[in-house]
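A short worksheet on the structure shown next.
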Amino acid sequence: MSSSRPKTIPELIETFDALGDWEAQCDYLIDLGYEVPDFPEAARTEANKVHGCQSNVWLTTKTQPGNPPKIEIVAESDSMIVQGLIAVLLIAYSDKSAQEILQTDIQQIFARLGLNRQLSSARRNGLAGMVQRIRSIAEQSAAGNS
Amino acid sequence: MVAPTETLPTVDHGRPFDPAAIRSQFPIFDRLLPNGKPLIYLDSAATAQKPHAVIEKERECYERYYANAYRGDYQFGVQIDEELEATRAKVRDFIGASQSEEIIFTSGTTMSINLVADAWGRKFLKPGDEILLTQMEHHANIVPWQQVAHATGAVLKYISLTSDWQLDLNRLGDVLTDRTKMVAVSGMSNVLGTAPPVREIAAAAHKRGALVLVDGAQSVPHLVTNVGEQEIDFLAFSAHKLYGPSGVGVLWGRRHLLEAMDPFLGGGHMISEVFWDHSNWAAIPAKFEAGTLPIAQAIALGTAVDFVTSLGMPAIGAHDLDLTVYAHQRLSTVPGLRIFGPEPTQKGPIVSFAIEGLHPQDLANLVDRKGVAVRHGHHCTMPLHSLFGVPATTRASFGVYTTRDDIDVLVEAIEFARQKVRRA
């Protein structure tokens, strides 16, 4: 699966459309989740825990030097479906500057993938918590650079 | 240990308790789910499905005699009042109360408990008084007491749980003291299923001069409730878990207690006289029924009471036990599965569990593909889940329409989920 792993949201949308139904898409999401890089044990702190999630989600970021600097997201959940959602977030936000992250309409991406409709509100809340955390990190970073 | 189906008690008029036949009275099971699978509904502890008779009663009210309640002298107004009073009488008899006036219609269990915490608690609690809860309470029977404790200076105490998920009544004396003014206890835990000995707790509470409120949200639909014999002072429950409509519930309280309390909500119908600067309160139950009631819903609650009464609460209890014993047997064959709750004979038809390596969110989502509806999460009991050592559990809960076949489908669906998630 790793060879065919989508690198961009348009590629992911194409794969989702080809899979067709939710069951196949959900299985694919779970598979994507297995490929998310391991979360560093040292970063598993209360500060990096995202609340509003029924599952345990840890999320932190690293700033890669550059002009503008890019924000690298590192996240993990003990739920495999949430881990799949993290994989989608990583594709949406990977290799992006703070400004680009703030300009990304993640709701629209999830709606296009049909994930808003298929996943329960509890999980969407968890997702919302992660997105909120990423955006606030991006906002701080953007403010620091301006 | 297993009660075979054929030896289960029968209902009053001689028909055997037949969940398949009972299920045919619930229109929700007539249709397939959007994915083409039949509904395997194992979330009755969250809310129960509705029998045809209850749906029809609500429809009848709207189609034939709908009007506001206790206000109109026109023909429909009178009929509405009579229907509501008929429900009040049915509820009174169903819970073993003696007076219809002691039955107050609320929006549900949560409002009923808030009403007592506010209208009784703020008037009578003093700094240092103690409110005794249990570690297995639903947030609805914790948060209102936290609020009134904060407002009055009263202190919250908790009856702890034993290692086998029962209330530790051997140590009741540690927490039930002369300072205890209220003991608010669940009649059946919505997570563990534990059904504590209410009468024993009430007797101990009364010896100390404390009142007893029972959160009957889970117990009233499954166990025989008799507020007189059980020496309860306040009982709160919801219609929607009793196969009745959503939006309506009941607070029952002893007349002298209700009369001594201040109103909870102010507004229309709850007054006898209103002046520019003050008002006088109506007699109970009107004093606690400000504003327009959920009229059609309250009327159809009476039909829901008829429905469970016709099946017979002892027969429902026997059916519950049969299913719970079967569920424990089947689920215990799943590798890595741990049940949180006592043995089936000590609890109601609620089975909460965790499976090693399989997150409840993933499990709920994957079994849904097989048509299985189960609840996952902390079930509004975050303090209780802090004792489990797991952040969330999966809960299967049963109703009168649940069959052993449903439990078989659940176990198959869990196996399917385990195969999908490689960590399990």
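Each chain of the structure tokens is named A, B, ... in the order shown, its residues numbered from 1; ligands are numbered from 1 in display order.
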
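Residues from chain B that have an atom within 10 Å of chain A, counting only C-alpha atoms, are Asn35, Gly357, Leu358, His359, Pro360, Gln361, Asp362, Leu363, Ala364, Asn365, Leu366, Arg369, His376, Gly377, His378, Pro391, Ala392, Lys420, Val421, Arg422 and Arg423 of chain B.
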
Would you output that residue set with C-alpha atoms, as a PDB file, in the first residue's frame?
```pdb
ATOM      1  CA  ASN B  35     -26.595  -0.250   3.986  1.00  0.00           C
ATOM      2  CA  GLY B 357      -6.095  -3.532  21.070  1.00  0.00           C
ATOM      3  CA  LEU B 358      -9.509  -2.556  19.695  1.00  0.00           C
ATOM      4  CA  HIS B 359     -10.561   1.000  20.398  1.00  0.00           C
ATOM      5  CA  PRO B 360     -14.279   1.451  21.231  1.00  0.00           C
ATOM      6  CA  GLN B 361     -14.599   4.082  18.488  1.00  0.00           C
ATOM      7  CA  ASP B 362     -13.249   1.695  15.900  1.00  0.00           C
ATOM      8  CA  LEU B 363     -15.361  -1.148  17.234  1.00  0.00           C
ATOM      9  CA  ALA B 364     -18.589   0.885  17.176  1.00  0.00           C
ATOM     10  CA  ASN B 365     -17.862   2.040  13.666  1.00  0.00           C
ATOM     11  CA  LEU B 366     -16.992  -1.407  12.349  1.00  0.00           C
ATOM     12  CA  ARG B 369     -21.377  -1.975   9.119  1.00  0.00           C
ATOM     13  CA  HIS B 376     -19.166   3.792  22.868  1.00  0.00           C
ATOM     14  CA  GLY B 377     -17.426   6.370  24.973  1.00  0.00           C
ATOM     15  CA  HIS B 378     -17.618   7.264  28.639  1.00  0.00           C
ATOM     16  CA  PRO B 391     -10.890   6.051  28.709  1.00  0.00           C
ATOM     17  CA  ALA B 392     -13.898   4.525  27.003  1.00  0.00           C
ATOM     18  CA  LYS B 420     -10.068  -5.432  10.393  1.00  0.00           C
ATOM     19  CA  VAL B 421      -7.966  -3.888  13.124  1.00  0.00           C
ATOM     20  CA  ARG B 422      -4.764  -5.850  13.200  1.00  0.00           C
ATOM     21  CA  ARG B 423      -3.809  -4.779  16.701  1.00  0.00           C
TER      22      ARG B 423
END
```

Exercise. Residues at most 10 Å from region 86-101 of chain B, counting only C-alpha atoms, excluding those fewer than 4 positions away in the same chain, as a PyMOL selection string?
Worked result: chain B and resi 80-82+105+220+224-230+235+250+252-255+258+283-286+298-306+308-309+313

Write out, as a CSV table (one decimal), in the first residue's frame, the residues just selected, with C-alpha atoms.
```
chain,number,residue,atom,x,y,z
B,80,ILE,CA,-56.6,16.7,27.1
B,81,ASP,CA,-56.8,17.2,30.9
B,82,GLU,CA,-58.5,13.9,31.3
B,105,PHE,CA,-44.2,15.8,34.5
B,220,VAL,CA,-37.7,1.8,36.1
B,224,VAL,CA,-40.2,-3.6,39.7
B,225,THR,CA,-40.3,-0.1,41.3
B,226,ASN,CA,-42.4,0.5,44.4
B,227,VAL,CA,-41.6,3.8,46.1
B,228,GLY,CA,-43.6,2.8,49.1
B,229,GLU,CA,-42.0,-0.6,49.8
B,230,GLN,CA,-38.6,0.7,48.8
B,235,LEU,CA,-37.9,9.1,42.1
B,250,VAL,CA,-41.4,12.1,35.8
B,252,TRP,CA,-42.3,11.6,42.0
B,253,GLY,CA,-41.8,12.9,45.5
B,254,ARG,CA,-43.6,12.6,48.8
B,255,ARG,CA,-46.3,15.2,49.1
B,258,LEU,CA,-42.9,18.6,47.4
B,283,ALA,CA,-50.8,23.3,44.7
B,284,ILE,CA,-48.7,20.3,43.5
B,285,PRO,CA,-48.2,19.1,40.8
B,286,ALA,CA,-48.9,22.4,39.1
B,298,ALA,CA,-46.9,12.8,28.4
B,299,ILE,CA,-50.2,11.3,27.3
B,300,ALA,CA,-48.4,8.6,25.3
B,301,LEU,CA,-46.2,7.9,28.3
B,302,GLY,CA,-49.4,6.4,29.8
B,303,THR,CA,-49.6,4.0,26.8
B,304,ALA,CA,-45.9,3.1,27.4
B,305,VAL,CA,-46.8,2.2,31.0
B,306,ASP,CA,-49.7,0.1,29.7
B,308,VAL,CA,-44.7,-2.7,29.9
B,309,THR,CA,-47.4,-3.5,32.5
B,313,MET,CA,-42.3,-6.4,34.9
```

Problem set entry | Residues near Ile142 (chain B), cut-off 12 Å, only C-alpha atoms, skip fewer than 4 positions along chain, as number ranges by chain | B: 110, 113-114, 117, 131-138, 146-149, 156-158, 183-186, 215, 380-384

Exercise. Excluding same-chain residues fewer than 4 positions from Ile134 (chain A), what lies within 10 Å of it counting only C-alpha atoms, as an MDAnalysis selection string?
Worked result: chainID A and resid 59:61 71 73 89 93 98 101:102 128:130 138:139

Problem set entry | Residues flagged strand (DSSP E) by DSSP in region 89-290 of chain B, as JSON, numbers by chain | {"B": [103, 104, 105, 106, 130, 131, 132, 133, 134, 155, 156, 157, 158, 159, 180, 181, 182, 183, 184, 185, 186, 211, 212, 213, 214, 215, 234, 235, 236, 237, 238, 249, 250, 251, 252, 253, 271, 272, 273, 274, 279, 280, 281]}

For this session: Can you pull out every residue within 7 Å of region 37-47 of chain A, counting only C-alpha atoms, but drop anything in the same chain fewer than 3 positions away, and send it as an NGL selection string?
Result: :A and (58 or 74-76)

Exercise. By how many Å are CA of Ala417 (chain B) and CA of Val400 (chain B) apart?
Worked result: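 Distance reported for this atom pair: 26.8 Å.
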
Mind checking which residues fall within 8 Å of Ile271 (chain B), counting only C-alpha atoms, ignoring those fewer than 6 positions away in the same chain, and posting them as a PDB file with C-alpha atoms, in the first residue's frame?
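File written: result07.pdb
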```pdb
ATOM      1  CA  SER B 279     -46.744  35.537  43.585  1.00  0.00           C
ATOM      2  CA  ASN B 280     -48.324  32.663  45.425  1.00  0.00           C
ATOM      3  CA  TRP B 281     -47.750  29.123  44.267  1.00  0.00           C
ATOM      4  CA  ALA B 282     -50.277  26.682  42.936  1.00  0.00           C
ATOM      5  CA  ALA B 286     -48.933  22.448  39.086  1.00  0.00           C
ATOM      6  CA  LYS B 287     -46.358  24.235  41.262  1.00  0.00           C
TER       7      LYS B 287
END
```

Exercise. Please, what distance in Å, to one decimal, runs between CA of Arg375 (chain B) and CA of Leu113 (chain A)?
Worked result: 25.1 Å

Exercise. Do you know which residues are at most 6 Å from region 19-27 of chain B counting only C-alpha atoms, after dropping those on the same chain fewer than 3 positions away, and could you put them as a ChimeraX atom specification?
Worked result: /B:30,50-52,401

For this session: Could you find all residues in region 226-322 of chain B that DSSP calls helix (DSSP H, G or I) from the backbone, and write them as a VMD selection string?
Result: chain B and resid 240 to 242 255 to 260 286 to 288 295 to 311 313 to 322

Output for the residues just chosen: N, CA and C atoms as an mmCIF file, in the first residue's frame:
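Writing done, so here's selection_32.cif:
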```cif
data_model
loop_
_atom_site.group_PDB
_atom_site.id
_atom_site.type_symbol
_atom_site.label_atom_id
_atom_site.label_comp_id
_atom_site.auth_asym_id
_atom_site.auth_seq_id
_atom_site.Cartn_x
_atom_site.Cartn_y
_atom_site.Cartn_z
ATOM 1 N N HIS B 240 -38.576 8.055 27.648
ATOM 2 C CA HIS B 240 -37.999 7.525 26.403
ATOM 3 C C HIS B 240 -37.220 6.225 26.580
ATOM 4 N N LYS B 241 -36.796 5.932 27.807
ATOM 5 C CA LYS B 241 -36.125 4.648 28.028
ATOM 6 C C LYS B 241 -37.145 3.558 28.362
ATOM 7 N N LEU B 242 -38.397 3.972 28.577
ATOM 8 C CA LEU B 242 -39.495 3.065 28.950
ATOM 9 C C LEU B 242 -40.403 2.842 27.736
ATOM 10 N N ARG B 255 -45.531 13.934 49.114
ATOM 11 C CA ARG B 255 -46.313 15.174 49.112
ATOM 12 C C ARG B 255 -45.742 16.230 50.054
ATOM 13 N N HIS B 256 -45.427 15.844 51.286
ATOM 14 C CA HIS B 256 -44.994 16.867 52.245
ATOM 15 C C HIS B 256 -43.663 17.484 51.818
ATOM 16 N N LEU B 257 -42.840 16.682 51.139
ATOM 17 C CA LEU B 257 -41.553 17.216 50.663
ATOM 18 C C LEU B 257 -41.783 18.191 49.513
ATOM 19 N N LEU B 258 -42.612 17.783 48.570
ATOM 20 C CA LEU B 258 -42.893 18.639 47.414
ATOM 21 C C LEU B 258 -43.549 19.938 47.864
ATOM 22 N N GLU B 259 -44.424 19.834 48.861
ATOM 23 C CA GLU B 259 -45.125 21.037 49.320
ATOM 24 C C GLU B 259 -44.187 21.995 50.055
ATOM 25 N N ALA B 260 -43.171 21.436 50.702
ATOM 26 C CA ALA B 260 -42.229 22.288 51.445
ATOM 27 C C ALA B 260 -41.222 22.978 50.529
ATOM 28 N N ALA B 286 -49.039 21.262 39.943
ATOM 29 C CA ALA B 286 -48.933 22.448 39.086
ATOM 30 C C ALA B 286 -47.760 23.335 39.486
ATOM 31 N N LYS B 287 -47.447 23.375 40.779
ATOM 32 C CA LYS B 287 -46.358 24.235 41.262
ATOM 33 C C LYS B 287 -45.047 23.949 40.540
ATOM 34 N N PHE B 288 -44.878 22.701 40.095
ATOM 35 C CA PHE B 288 -43.626 22.313 39.424
ATOM 36 C C PHE B 288 -43.815 22.097 37.919
ATOM 37 N N ILE B 295 -47.235 17.794 25.976
ATOM 38 C CA ILE B 295 -48.592 17.272 26.194
ATOM 39 C C ILE B 295 -48.808 15.893 25.564
ATOM 40 N N ALA B 296 -48.613 15.827 24.248
ATOM 41 C CA ALA B 296 -48.865 14.550 23.563
ATOM 42 C C ALA B 296 -47.916 13.474 24.075
ATOM 43 N N GLN B 297 -46.681 13.898 24.393
ATOM 44 C CA GLN B 297 -45.674 12.956 24.873
ATOM 45 C C GLN B 297 -46.070 12.403 26.250
ATOM 46 N N ALA B 298 -46.538 13.295 27.114
ATOM 47 C CA ALA B 298 -46.941 12.838 28.444
ATOM 48 C C ALA B 298 -48.140 11.885 28.348
ATOM 49 N N ILE B 299 -49.052 12.190 27.442
ATOM 50 C CA ILE B 299 -50.222 11.312 27.273
ATOM 51 C C ILE B 299 -49.772 9.932 26.790
ATOM 52 N N ALA B 300 -48.855 9.912 25.816
ATOM 53 C CA ALA B 300 -48.388 8.622 25.284
ATOM 54 C C ALA B 300 -47.503 7.876 26.266
ATOM 55 N N LEU B 301 -46.956 8.573 27.256
ATOM 56 C CA LEU B 301 -46.240 7.879 28.333
ATOM 57 C C LEU B 301 -47.186 6.897 29.025
ATOM 58 N N GLY B 302 -48.443 7.287 29.154
ATOM 59 C CA GLY B 302 -49.425 6.385 29.769
ATOM 60 C C GLY B 302 -49.548 5.087 28.980
ATOM 61 N N THR B 303 -49.491 5.206 27.657
ATOM 62 C CA THR B 303 -49.562 4.013 26.801
ATOM 63 C C THR B 303 -48.312 3.157 26.974
ATOM 64 N N ALA B 304 -47.161 3.809 27.142
ATOM 65 C CA ALA B 304 -45.919 3.061 27.372
ATOM 66 C C ALA B 304 -45.998 2.288 28.686
ATOM 67 N N VAL B 305 -46.587 2.918 29.699
ATOM 68 C CA VAL B 305 -46.766 2.231 30.986
ATOM 69 C C VAL B 305 -47.692 1.027 30.801
ATOM 70 N N ASP B 306 -48.780 1.216 30.036
ATOM 71 C CA ASP B 306 -49.676 0.082 29.738
ATOM 72 C C ASP B 306 -48.907 -1.045 29.051
ATOM 73 N N PHE B 307 -48.029 -0.648 28.127
ATOM 74 C CA PHE B 307 -47.286 -1.637 27.345
ATOM 75 C C PHE B 307 -46.416 -2.519 28.244
ATOM 76 N N VAL B 308 -45.600 -1.894 29.093
ATOM 77 C CA VAL B 308 -44.720 -2.719 29.949
ATOM 78 C C VAL B 308 -45.522 -3.462 31.010
ATOM 79 N N THR B 309 -46.619 -2.833 31.467
ATOM 80 C CA THR B 309 -47.446 -3.503 32.475
ATOM 81 C C THR B 309 -48.087 -4.757 31.891
ATOM 82 N N SER B 310 -48.495 -4.676 30.608
ATOM 83 C CA SER B 310 -49.128 -5.844 29.997
ATOM 84 C C SER B 310 -48.118 -6.979 29.802
ATOM 85 N N LEU B 311 -46.873 -6.634 29.553
ATOM 86 C CA LEU B 311 -45.848 -7.679 29.459
ATOM 87 C C LEU B 311 -45.538 -8.235 30.844
ATOM 88 N N MET B 313 -43.644 -6.695 34.573
ATOM 89 C CA MET B 313 -42.259 -6.362 34.929
ATOM 90 C C MET B 313 -41.452 -7.596 35.338
ATOM 91 N N PRO B 314 -42.035 -8.572 36.070
ATOM 92 C CA PRO B 314 -41.238 -9.763 36.386
ATOM 93 C C PRO B 314 -40.825 -10.527 35.126
ATOM 94 N N ALA B 315 -41.719 -10.577 34.122
ATOM 95 C CA ALA B 315 -41.387 -11.270 32.869
ATOM 96 C C ALA B 315 -40.288 -10.520 32.126
ATOM 97 N N ILE B 316 -40.361 -9.180 32.139
ATOM 98 C CA ILE B 316 -39.300 -8.375 31.515
ATOM 99 C C ILE B 316 -37.968 -8.658 32.217
ATOM 100 N N GLY B 317 -38.021 -8.734 33.539
ATOM 101 C CA GLY B 317 -36.801 -9.006 34.308
ATOM 102 C C GLY B 317 -36.203 -10.368 33.963
ATOM 103 N N ALA B 318 -37.060 -11.359 33.777
ATOM 104 C CA ALA B 318 -36.582 -12.710 33.437
ATOM 105 C C ALA B 318 -35.973 -12.718 32.036
ATOM 106 N N HIS B 319 -36.606 -11.997 31.120
ATOM 107 C CA HIS B 319 -36.082 -11.868 29.750
ATOM 108 C C HIS B 319 -34.716 -11.178 29.775
ATOM 109 N N ASP B 320 -34.619 -10.105 30.555
ATOM 110 C CA ASP B 320 -33.358 -9.373 30.695
ATOM 111 C C ASP B 320 -32.248 -10.299 31.184
ATOM 112 N N LEU B 321 -32.576 -11.102 32.192
ATOM 113 C CA LEU B 321 -31.564 -11.983 32.780
ATOM 114 C C LEU B 321 -31.110 -13.026 31.766
ATOM 115 N N ASP B 322 -32.074 -13.588 31.042
ATOM 116 C CA ASP B 322 -31.733 -14.588 30.022
ATOM 117 C C ASP B 322 -30.751 -14.004 29.009
#
```
